[in-house]
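Heads up: the structure comes next, in structure tokens.
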Amino acid sequence: MKTADPFYKSGAWVRCREQALIRDNYLCQSCLRAGKLTTANTVHHIKPRREYSELELTLSNLESICPTCHNKEHTEKGNNKRPVSKKIKLVEEKGNPEMI
């Protein structure tokens, strides 16, 4: 059985994770780039910790993402559970040209 990485229980990670979620307004940045609003509850290391340990607490190396996008980023984990994510279709609003 695989054990949890103690890094993710550290106070430094908990604080950094919260800063990333607040900065990203608790929205999945991957979905946002695709024009969808999805709540995020996961913070992803853009450059992996195992290769770039010096960046593990660097805010610019973190992005908030939804569980679905996180599973896409980490296909090696092979999680068969389907995460529930709340997606909202983003609609672009345009003004009435006759009123401008």
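Residue numbering restarts at 1 for every chain of the structure tokens, chains are lettered A, B, ... in their displayed order, and ligands are numbered from 1 as they appear.
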Which residues are close to Ser30 of chain A, i.e. within 9 Å by only C-alpha atoms, leaving aside same-chain residues fewer than 6 positions away? Reply as an MDAnalysis selection string.
chainID A and resid 36 63:66 69
Kindly save the residues from that selection, with C-alpha atoms included, as a PDB file, in the first residue's frame.
ATOM      1  CA  LYS A  36     -15.203  26.935 -18.693  1.00  0.00           C
ATOM      2  CA  GLU A  63      -1.951  26.343 -10.281  1.00  0.00           C
ATOM      3  CA  SER A  64      -5.389  25.559  -8.950  1.00  0.00           C
ATOM      4  CA  ILE A  65      -7.149  22.814 -10.872  1.00  0.00           C
ATOM      5  CA  CYS A  66     -10.211  20.587 -10.577  1.00  0.00           C
ATOM      6  CA  CYS A  69      -7.884  18.065 -14.820  1.00  0.00           C
TER       7      CYS A  69
END
DSSP-assigned strand (DSSP E or B) among segment 30-81 of chain A, expressed as a PyMOL selection string
chain A and resi 36-39+42-45+62-65
Among A:Arg23, A:Lys2, A:Lys94, A:Arg17, Leu57 of chain A is approached most closely, using only C-alpha atoms, by A:Arg17
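Coordinates place atom CA of His70 of chain A at a distance of 17.3 Å from atom CA of Gly35 of chain A.
Atom pair atom CA of Leu21 of chain A / atom CA of Leu62 of chain A has a distance of 9.3 Å (rounded to one decimal).
Nearest to Asp5 of chain A of all the residues A:Arg49, A:Ser60, A:Thr75, A:Glu92 is A:Arg49, counting only C-alpha atoms.
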Pull the alpha helix (DSSP H) assignments for chain A out of DSSP run on the backbone, and list those residues as a ChimeraX atom specification.
/A:11-23,29-33,67-73
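As for atom CA of Leu37 of chain A and atom CA of Ser10 of chain A, they are spaced 29.6 Å apart.
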Need to verify the contact set: Cys16 of chain A, 10 Å, only C-alpha atoms, exclusion of same-chain residues closer than 4 positions in sequence. Can you return it as a ChimeraX atom specification?
/A:11-12,20-22,43,56-59,62
